[in-house]
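Asker: File follows, protein-v5.csv with CSV, C-alpha atoms:
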```csv
chain,number,residue,atom,x,y,z
O,16,MET,CA,31.3,-82.0,-108.2
O,17,ASN,CA,33.2,-84.7,-110.0
O,18,ASP,CA,31.9,-84.2,-113.5
O,19,PRO,CA,34.8,-83.9,-116.0
O,20,LEU,CA,34.5,-82.9,-119.6
O,21,ARG,CA,36.2,-85.5,-121.7
O,22,ILE,CA,37.4,-84.5,-125.2
O,23,GLY,CA,39.3,-87.1,-127.1
O,24,SER,CA,42.1,-88.4,-124.8
O,25,ARG,CA,41.9,-85.5,-122.4
O,26,SER,CA,39.8,-84.6,-119.3
O,27,PHE,CA,39.0,-81.2,-117.9
O,28,GLN,CA,37.1,-79.9,-114.9
O,29,SER,CA,35.9,-76.7,-116.5
O,30,ARG,CA,33.3,-76.7,-119.2
O,31,LEU,CA,33.9,-73.1,-120.2
O,32,LEU,CA,36.4,-72.6,-123.0
O,33,VAL,CA,37.5,-69.0,-123.8
O,34,GLY,CA,39.1,-67.2,-126.6
O,35,THR,CA,42.0,-64.8,-126.3
O,36,GLY,CA,41.2,-62.0,-128.8
O,37,LYS,CA,39.9,-58.5,-128.4
O,38,TYR,CA,41.4,-57.7,-125.0
O,39,ARG,CA,43.5,-54.6,-124.2
O,40,ASP,CA,46.6,-56.6,-123.6
O,41,PHE,CA,47.9,-60.1,-122.6
O,42,ALA,CA,47.6,-59.2,-118.9
O,43,GLU,CA,43.9,-58.6,-119.2
O,44,THR,CA,43.6,-61.8,-121.2
O,45,ARG,CA,45.1,-63.8,-118.4
O,46,ALA,CA,43.0,-62.1,-115.8
O,47,ALA,CA,39.8,-62.9,-117.7
O,48,VAL,CA,40.8,-66.5,-118.2
O,49,ASP,CA,41.5,-66.8,-114.5
O,50,ALA,CA,38.1,-65.3,-113.6
O,51,ALA,CA,36.4,-67.6,-116.0
O,52,GLY,CA,38.1,-70.6,-114.5
O,53,ALA,CA,38.9,-71.9,-117.9
O,54,GLU,CA,41.4,-74.6,-118.6
O,55,ILE,CA,41.2,-74.6,-122.4
O,56,VAL,CA,42.1,-71.3,-124.2
O,57,THR,CA,41.7,-71.0,-127.9
O,58,VAL,CA,44.2,-68.9,-129.9
O,59,ALA,CA,44.0,-67.7,-133.5
O,60,LEU,CA,47.4,-68.8,-134.7
O,61,ARG,CA,47.3,-66.4,-137.7
O,62,ARG,CA,46.7,-63.4,-135.4
O,63,VAL,CA,48.4,-64.1,-132.1
O,64,ASN,CA,52.1,-64.6,-131.4
O,65,LEU,CA,52.8,-68.0,-129.9
O,66,GLY,CA,56.5,-67.9,-130.6
O,67,GLN,CA,56.4,-67.6,-134.4
O,68,HIS,CA,57.5,-64.0,-134.0
O,69,ARG,CA,60.5,-64.1,-131.7
O,70,ASP,CA,60.9,-60.3,-131.5
O,71,GLU,CA,57.4,-59.7,-130.1
O,72,PRO,CA,55.7,-60.6,-126.7
O,73,SER,CA,54.3,-64.1,-126.7
O,74,LEU,CA,50.9,-65.0,-125.3
O,75,LEU,CA,52.5,-68.0,-123.8
O,76,ASP,CA,54.4,-65.8,-121.4
O,77,PHE,CA,51.0,-65.1,-119.8
O,78,LEU,CA,49.2,-68.4,-120.5
O,79,PRO,CA,51.9,-71.0,-120.1
O,80,PRO,CA,51.1,-74.5,-121.6
O,81,SER,CA,52.1,-76.0,-118.3
O,82,ARG,CA,49.0,-74.4,-116.8
O,83,PHE,CA,46.5,-74.2,-119.6
O,84,THR,CA,45.6,-76.3,-122.6
O,85,ILE,CA,46.3,-74.2,-125.7
O,86,LEU,CA,43.8,-74.8,-128.4
O,87,PRO,CA,45.1,-73.4,-131.7
O,88,ASN,CA,42.4,-72.4,-134.1
O,89,THR,CA,42.2,-71.7,-137.8
O,90,ALA,CA,40.4,-68.4,-137.5
O,91,GLY,CA,40.9,-66.3,-140.7
O,92,CYS,CA,41.2,-69.4,-142.9
O,93,HIS,CA,38.9,-69.5,-145.9
O,94,THR,CA,40.0,-72.7,-147.6
O,95,ALA,CA,40.8,-76.3,-146.5
O,96,ASP,CA,44.4,-75.8,-147.6
O,97,GLU,CA,44.9,-72.8,-145.4
O,98,ALA,CA,43.3,-74.5,-142.4
O,99,VAL,CA,45.4,-77.7,-142.7
O,100,ARG,CA,48.6,-75.6,-143.2
O,101,THR,CA,47.7,-73.6,-140.0
O,102,CYS,CA,47.2,-76.8,-138.0
O,103,ARG,CA,50.5,-78.2,-139.2
O,104,LEU,CA,52.2,-75.0,-138.1
O,105,ALA,CA,50.7,-75.4,-134.6
O,106,ARG,CA,52.1,-78.9,-134.4
O,107,GLU,CA,55.5,-77.6,-135.4
O,108,LEU,CA,55.4,-74.7,-133.0
O,109,GLY,CA,54.2,-76.4,-129.8
O,110,ASP,CA,53.4,-80.0,-130.6
O,111,TRP,CA,49.8,-79.0,-130.4
O,112,THR,CA,47.6,-81.7,-132.0
O,113,LEU,CA,44.3,-80.7,-130.3
O,114,VAL,CA,43.0,-78.1,-132.7
O,115,LYS,CA,39.8,-76.1,-133.4
O,116,LEU,CA,39.0,-76.2,-137.0
O,117,GLU,CA,37.0,-73.4,-138.6
O,118,VAL,CA,36.9,-72.4,-142.3
O,119,ILE,CA,34.9,-69.2,-142.9
O,120,GLY,CA,32.8,-69.1,-146.0
O,121,ASP,CA,31.2,-65.6,-145.7
O,122,PRO,CA,32.9,-62.4,-144.5
O,123,GLN,CA,29.7,-60.8,-143.3
O,124,THR,CA,28.0,-63.6,-141.3
O,125,LEU,CA,31.3,-65.5,-140.6
O,126,TYR,CA,29.3,-68.7,-141.2
O,127,PRO,CA,31.5,-71.7,-142.0
O,128,ASP,CA,32.1,-73.1,-145.4
O,129,MET,CA,30.9,-76.6,-144.7
O,130,ARG,CA,32.4,-78.2,-147.9
O,131,GLN,CA,35.8,-76.8,-147.1
O,132,THR,CA,35.5,-77.7,-143.4
O,133,PHE,CA,34.7,-81.3,-144.3
O,134,GLN,CA,37.7,-81.5,-146.6
O,135,ALA,CA,40.0,-80.1,-143.9
O,136,ALA,CA,38.6,-82.3,-141.2
O,137,GLU,CA,39.2,-85.4,-143.2
O,138,ILE,CA,42.8,-84.6,-143.8
O,139,LEU,CA,43.5,-83.5,-140.2
O,140,VAL,CA,41.9,-86.6,-138.7
O,141,ALA,CA,43.9,-88.8,-141.0
O,142,GLU,CA,47.1,-87.0,-139.9
O,143,GLY,CA,46.4,-87.7,-136.2
O,144,PHE,CA,45.0,-84.4,-135.1
O,145,GLU,CA,42.3,-84.3,-132.5
O,146,VAL,CA,39.8,-82.0,-134.3
O,147,MET,CA,37.2,-79.9,-132.6
O,148,VAL,CA,35.2,-78.5,-135.5
O,149,TYR,CA,33.1,-75.3,-135.8
O,150,SER,CA,29.9,-76.1,-137.7
O,151,THR,CA,26.5,-74.7,-138.5
O,152,ASP,CA,23.7,-76.1,-136.3
O,153,ASP,CA,22.8,-78.7,-139.0
O,154,PRO,CA,22.1,-82.0,-137.3
O,155,VAL,CA,23.2,-84.1,-140.3
O,156,ALA,CA,26.5,-82.2,-140.6
O,157,CYS,CA,27.2,-82.5,-136.9
O,158,ARG,CA,26.5,-86.2,-137.0
O,159,ASP,CA,28.8,-86.7,-140.0
O,160,PHE,CA,31.7,-84.8,-138.3
O,161,ALA,CA,31.5,-87.1,-135.4
O,162,ALA,CA,31.3,-90.2,-137.6
O,163,MET,CA,34.5,-89.2,-139.5
O,164,GLY,CA,36.5,-88.9,-136.2
O,165,CYS,CA,36.3,-85.4,-134.9
O,166,VAL,CA,36.6,-85.4,-131.1
O,167,ALA,CA,34.1,-82.6,-130.6
O,168,VAL,CA,31.5,-80.8,-132.6
O,169,MET,CA,30.9,-77.1,-132.0
O,170,PRO,CA,27.7,-75.8,-133.6
O,171,LEU,CA,27.1,-72.1,-133.6
O,172,ALA,CA,24.4,-70.5,-131.5
O,173,ALA,CA,24.3,-67.4,-133.6
O,174,PRO,CA,26.8,-65.6,-135.8
O,175,ILE,CA,30.3,-65.1,-134.3
O,176,GLY,CA,30.5,-62.0,-132.1
O,177,SER,CA,26.7,-61.2,-132.5
O,178,GLY,CA,25.7,-61.8,-128.9
O,179,LEU,CA,22.3,-62.9,-130.0
O,180,GLY,CA,22.2,-66.0,-127.9
O,181,ILE,CA,20.8,-69.4,-128.9
O,182,ARG,CA,18.6,-68.8,-131.9
O,183,ASN,CA,17.6,-72.4,-132.6
O,184,PRO,CA,17.4,-74.6,-129.5
O,185,TYR,CA,15.4,-77.2,-131.4
O,186,ASN,CA,18.3,-78.0,-133.8
O,187,LEU,CA,20.6,-78.2,-130.8
O,188,GLN,CA,18.3,-80.7,-129.1
O,189,ILE,CA,18.4,-82.9,-132.2
O,190,ILE,CA,22.2,-82.6,-132.4
O,191,LEU,CA,22.4,-83.6,-128.7
O,192,GLU,CA,20.0,-86.5,-129.1
O,193,GLN,CA,22.3,-88.2,-131.7
O,194,ALA,CA,25.6,-87.0,-130.3
O,195,ARG,CA,28.5,-89.5,-130.2
O,196,VAL,CA,31.1,-86.9,-129.1
O,197,PRO,CA,31.0,-83.8,-126.9
O,198,ILE,CA,28.8,-81.0,-128.3
O,199,LEU,CA,30.0,-77.5,-127.4
O,200,VAL,CA,28.1,-74.3,-128.3
O,201,ASP,CA,30.5,-72.0,-130.1
O,202,ALA,CA,29.8,-68.4,-131.2
O,203,GLY,CA,26.9,-66.1,-130.6
O,204,VAL,CA,26.3,-66.1,-126.8
O,205,GLY,CA,26.2,-62.7,-125.2
O,206,THR,CA,25.6,-63.1,-121.5
O,207,ALA,CA,25.5,-65.6,-118.7
O,208,SER,CA,21.8,-66.6,-119.3
O,209,ASP,CA,22.7,-67.7,-122.8
O,210,VAL,CA,25.4,-69.9,-121.4
O,211,ALA,CA,23.0,-71.4,-118.8
O,212,VAL,CA,20.5,-72.2,-121.5
O,213,ALA,CA,23.1,-74.0,-123.6
O,214,MET,CA,24.1,-76.1,-120.6
O,215,GLU,CA,20.5,-76.8,-119.5
O,216,LEU,CA,19.8,-78.2,-123.0
O,217,GLY,CA,22.6,-80.7,-122.3
O,218,CYS,CA,25.5,-79.2,-124.2
O,219,ASP,CA,28.9,-80.5,-122.9
O,220,GLY,CA,30.4,-77.0,-122.8
O,221,VAL,CA,30.5,-73.5,-124.3
O,222,LEU,CA,33.3,-71.6,-126.1
O,223,LEU,CA,33.1,-67.8,-126.1
O,224,ASN,CA,35.3,-64.8,-126.5
O,225,THR,CA,33.6,-61.5,-127.4
O,226,ALA,CA,30.9,-61.8,-124.7
O,227,ILE,CA,33.6,-61.4,-122.1
O,228,ALA,CA,36.1,-59.2,-124.0
O,229,ALA,CA,33.5,-56.7,-125.1
O,230,ALA,CA,31.7,-56.4,-121.8
O,231,ARG,CA,32.0,-53.2,-119.8
O,232,ASN,CA,33.7,-55.2,-117.0
O,233,PRO,CA,35.3,-58.2,-118.7
O,234,LEU,CA,36.5,-59.8,-115.4
O,235,LEU,CA,33.1,-59.6,-113.8
O,236,MET,CA,31.5,-61.0,-117.0
O,237,ALA,CA,34.0,-63.8,-117.0
O,238,GLU,CA,33.0,-64.8,-113.5
O,239,ALA,CA,29.3,-64.6,-114.5
O,240,MET,CA,30.0,-66.9,-117.4
O,241,ARG,CA,31.7,-69.4,-115.2
O,242,LEU,CA,28.8,-69.4,-112.8
O,243,GLY,CA,26.3,-69.7,-115.7
O,244,VAL,CA,28.0,-72.8,-117.0
O,245,GLU,CA,28.1,-74.3,-113.6
O,246,ALA,CA,24.4,-73.5,-112.8
O,247,GLY,CA,23.2,-74.7,-116.2
O,248,ARG,CA,25.1,-78.0,-115.9
O,249,ARG,CA,23.8,-78.7,-112.5
O,250,ALA,CA,20.2,-77.9,-113.7
O,251,PHE,CA,20.7,-80.3,-116.6
O,252,LEU,CA,21.9,-83.1,-114.3
O,253,ALA,CA,19.2,-82.4,-111.8
O,254,GLY,CA,16.4,-82.8,-114.4
O,255,ARG,CA,13.9,-79.9,-114.6
O,256,MET,CA,10.3,-80.2,-113.6
O,257,PRO,CA,7.9,-80.8,-116.5
O,258,ARG,CA,6.2,-77.8,-118.0
O,259,ARG,CA,2.5,-77.5,-117.4
O,260,LEU,CA,-0.2,-75.2,-118.9
O,261,HIS,CA,-2.1,-74.9,-115.6
O,262,ALA,CA,-1.1,-74.3,-112.0
O,263,ASN,CA,-0.1,-77.1,-109.7
O,264,ALA,CA,-0.1,-76.2,-106.0
O,265,SER,CA,3.2,-76.4,-104.2
O,266,SER,CA,1.5,-77.7,-101.1
O,267,PRO,CA,-1.0,-80.6,-101.4
O,268,LEU,CA,-4.6,-79.8,-100.5
O,269,ASP,CA,-5.3,-83.3,-99.1
O,270,GLY,CA,-5.2,-83.5,-95.3
O,271,THR,CA,-5.5,-79.8,-94.6
O,272,PHE,CA,-6.5,-78.8,-91.1
O,273,PHE,CA,-9.4,-76.5,-92.0
```
Before we go any further, please render this structure as structure tokens.

Answerer:
Amino acid sequence: MNDPLRIGSRSFQSRLLVGTGKYRDFAETRAAVDAAGAEIVTVALRRVNLGQHRDEPSLLDFLPPSRFTILPNTAGCHTADEAVRTCRLARELGDWTLVKLEVIGDPQTLYPDMRQTFQAAEILVAEGFEVMVYSTDDPVACRDFAAMGCVAVMPLAAPIGSGLGIRNPYNLQIILEQARVPILVDAGVGTASDVAVAMELGCDGVLLNTAIAAARNPLLMAEAMRLGVEAGRRAFLAGRMPRRLHANASSPLDGTFF
């Protein structure tokens, strides 16, 4: 099915984006990415070696930029200054200008600090970065991120790593109704059915990590997530039947033989 995901100036066939943390080693990371069919892999620049530590194994040996789109993220940053500095380092290391911006405001819930996130987004957009921004599921905030020039907005489904699934589909629907850029669910999905729901709502993609890495069989779960994204997207494009309170016979009663 020719249905590409377009983010900024780029186009992708897969609508499943995966993280690279919490795996046993880089080999398992690569195997999970392959099973998920992902083209975009997000990397916490402050936690994973991408060449900044030359005496340690680099993730890029297993996920080469010639094959995958590396999406540096600002995980672990708690201020706008830290996030901007991390993105500038990504540009110096690998000429990466497509970045995932997240500025954490609370260590327990890992909810974003929206004030600091807006400050960082404004600076990064002005410097020519293509910013994919992690946000609360606030329709006004998501609208404003798009208006200021972010190439994608990524509202959370539930707290990072919680596996609780989509807690507020109604806010997501409002966000999608007013969307001017791709909307990707980020954080909180736990299994393939959560992914399918996000896609059936009309989300353009899903980014996840823990749901695969923490599964008993990460590679099998990665495949399930890929199939969930594909099924949910097809269901959205097909257009579901209307919900009814009462039954409606599958076979019409008119013209029956007896």

Asker: So which one's closest to O:Ala136, O:Pro122, O:Gly180, O:Gly247, O:Gly164? Using all atoms listed in the file, please.

Answerer: O:Gly164

Asker: Residues within 9 Å of (43.0, -76.3, -129.2), file coordinates, counting only C-alpha atoms: what are they? Give the list as a ChimeraX atom specification.

Answerer: /O:55-58,84-88,111-116,145-147

Asker: I need the residue nearest O:Leu139 from this list: O:Ala90, O:Met163, O:Ile119, O:Val204. Use only C-alpha atoms for the distance.

Answerer: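 Nearest candidate to O:Leu139 out of O:Ala90, O:Met163, O:Ile119, O:Val204: O:Met163.
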
Asker: May I ask for the distance between atom CA of O:Pro174 and atom CA of O:Val210, given in Å to one decimal place?

Answerer: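 These two atoms are separated by 15.1 Å.
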
Asker: Do a neighbour search on O:Leu223 at 12 Å with all atoms listed in the file, toss out local chain neighbours closer than 2 positions, and write the hits as number ranges by chain.

Answerer: O: 30-37, 47-48, 51, 53, 55-58, 169, 171-178, 180, 199-207, 209-210, 220-221, 225-229, 236-237, 240-241, 244

Asker: Report, in Å with one decimal, the straight-line distance from atom CA of O:Phe41 to atom CA of O:Gly109.

Answerer: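 For atom CA of O:Phe41 relative to atom CA of O:Gly109, the distance reads 18.9 Å.
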
Asker: Between O:Asp219, O:Asp76, O:Asp159, O:Asp152, which has the minimum distance to O:Phe133 (counting all atoms listed in the file)?

Answerer: O:Asp159

Asker: Need to verify the contact set: O:His93, 8 Å, all atoms listed in the file, exclusion of same-chain residues closer than 2 positions in sequence. Can you return it as a PyMOL selection string?

Answerer: chain O and resi 91+95+97-98+118-120+128

Asker: Can you tell me how far atom CA of O:Gln28 sits from atom CA of O:Met16, in Å to one decimal?

Answerer: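 Straight-line distance from atom CA of O:Gln28 to atom CA of O:Met16 works out to 9.1 Å.
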
Asker: Within 10 Å of stretch 192-197 of chain O, counting all atoms listed in the file, which residues qualify if same-chain residues fewer than 3 places away don't, as JSON, numbers by chain?

Answerer: {"O": [20, 21, 22, 23, 147, 154, 155, 157, 158, 160, 161, 162, 164, 165, 166, 167, 168, 169, 186, 187, 188, 189, 217, 218, 219, 220]}
